[in-house]
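Engineer: Please read through the structure below; I'll follow up with questions.
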Amino acid sequence: MDFDKLAQKGQVIYSSLVGYCYVHSITKTNDFTLIRPGFMWDDKQGDYLKHRPDEVYLPLKLPSFICIVF
C-alpha cells in the first residue's frame, strides 16, 4: 500500500501512531496539529473546540499516513 505524505487542513487522516484525526493545521515542514474526531464544532470560531480549554496540541511530525475520503 502507498502511504500519503501530503494533507490539507480539514482532512481526516489515519496513522497507526494516533489513529483517526482531523487535521487542524500543518506547517511547511509537515508538522501536523491534529484533533481527534468527535470534538464539537464551534460556528462562532469556525473551528473545533478542545475537550479542555487549557489543553495544548503540539505539532507532530508524521512522515506518512493515510488520507481518508468520505
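All residue names refer to the C-alpha cells as shown: chains lettered A, B, ... in order, residues numbered from 1 in each chain, ligands numbered from 1 in order.
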Excluding Tyr14 (chain A) and its own-chain neighbours fewer than 3 positions away, which residues fall within 10 Å of it when counting only C-alpha atoms? Please give them as a VMD selection string.
Structural biologist: chain A and resid 4 17 to 22 64 to 68
Engineer: DSSP on the backbone, then: every residue of chain A marked strand (DSSP E), written as a list in words.
Structural biologist: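 Put together, the selection reads Val12, Ile13, Tyr14, Ser15, Gly19, Tyr20, Cys21, Tyr22, Val23, His24, Ser25, Ile26, Asp31, Phe32, Thr33, Leu34, Ile35, Trp41, Asp42, Asp47, Tyr48, Leu60, Lys61, Ile66, Cys67 and Ile68 of chain A.
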Engineer: Neighbouring residues of region 25-39 of chain A were defined as those with any atom within 9 Å, considering only C-alpha atoms; residues of the same chain fewer than 2 positions away were excluded. Please report them as a list in words.
Structural biologist: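 After dropping sequence-adjacent residues, the list is Lys5, Leu6, Ala7, Gln8, Lys9, Gly10, Val12, Val18, Gly19, Tyr20, Cys21, Tyr22, Val23, Trp41, Tyr48, Leu49, Lys50, His51, Tyr57, Leu58, Pro59, Leu60, Lys61, Leu62 and Pro63 of chain A.
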Engineer: Limited to C-alpha atoms, could you put the picked residues into a file as a JSON list (two decimals), in the first residue's frame?
Structural biologist:
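Writing the result to again-v4.json gives the following:
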```json
[["chain", "number", "residue", "atom", "x", "y", "z"],
["A", 5, "LYS", "CA", 2.79, 12.34, 2.54],
["A", 6, "LEU", "CA", 0.68, 15.49, 1.96],
["A", 7, "ALA", "CA", -2.61, 16.59, 3.50],
["A", 8, "GLN", "CA", -4.65, 19.76, 3.90],
["A", 9, "LYS", "CA", -6.36, 21.41, 6.83],
["A", 10, "GLY", "CA", -9.79, 19.87, 7.36],
["A", 12, "VAL", "CA", -9.24, 13.31, 8.22],
["A", 18, "VAL", "CA", -2.51, 8.48, 16.55],
["A", 19, "GLY", "CA", -5.47, 6.69, 14.93],
["A", 20, "TYR", "CA", -8.06, 8.75, 13.01],
["A", 21, "CYS", "CA", -7.64, 12.51, 13.40],
["A", 22, "TYR", "CA", -8.87, 15.77, 11.91],
["A", 23, "VAL", "CA", -6.03, 17.92, 10.52],
["A", 41, "TRP", "CA", -17.72, 22.33, 16.12],
["A", 48, "TYR", "CA", -13.32, 22.56, 16.65],
["A", 49, "LEU", "CA", -13.45, 23.02, 20.42],
["A", 50, "LYS", "CA", -10.90, 21.35, 22.64],
["A", 51, "HIS", "CA", -12.08, 18.97, 25.36],
["A", 57, "TYR", "CA", -1.95, 20.50, 20.96],
["A", 58, "LEU", "CA", 1.69, 20.27, 19.98],
["A", 59, "PRO", "CA", 2.62, 19.74, 16.32],
["A", 60, "LEU", "CA", 3.50, 16.15, 15.49],
["A", 61, "LYS", "CA", 5.88, 15.05, 12.72],
["A", 62, "LEU", "CA", 4.10, 12.48, 10.52],
["A", 63, "PRO", "CA", 6.29, 11.16, 7.69]]
```
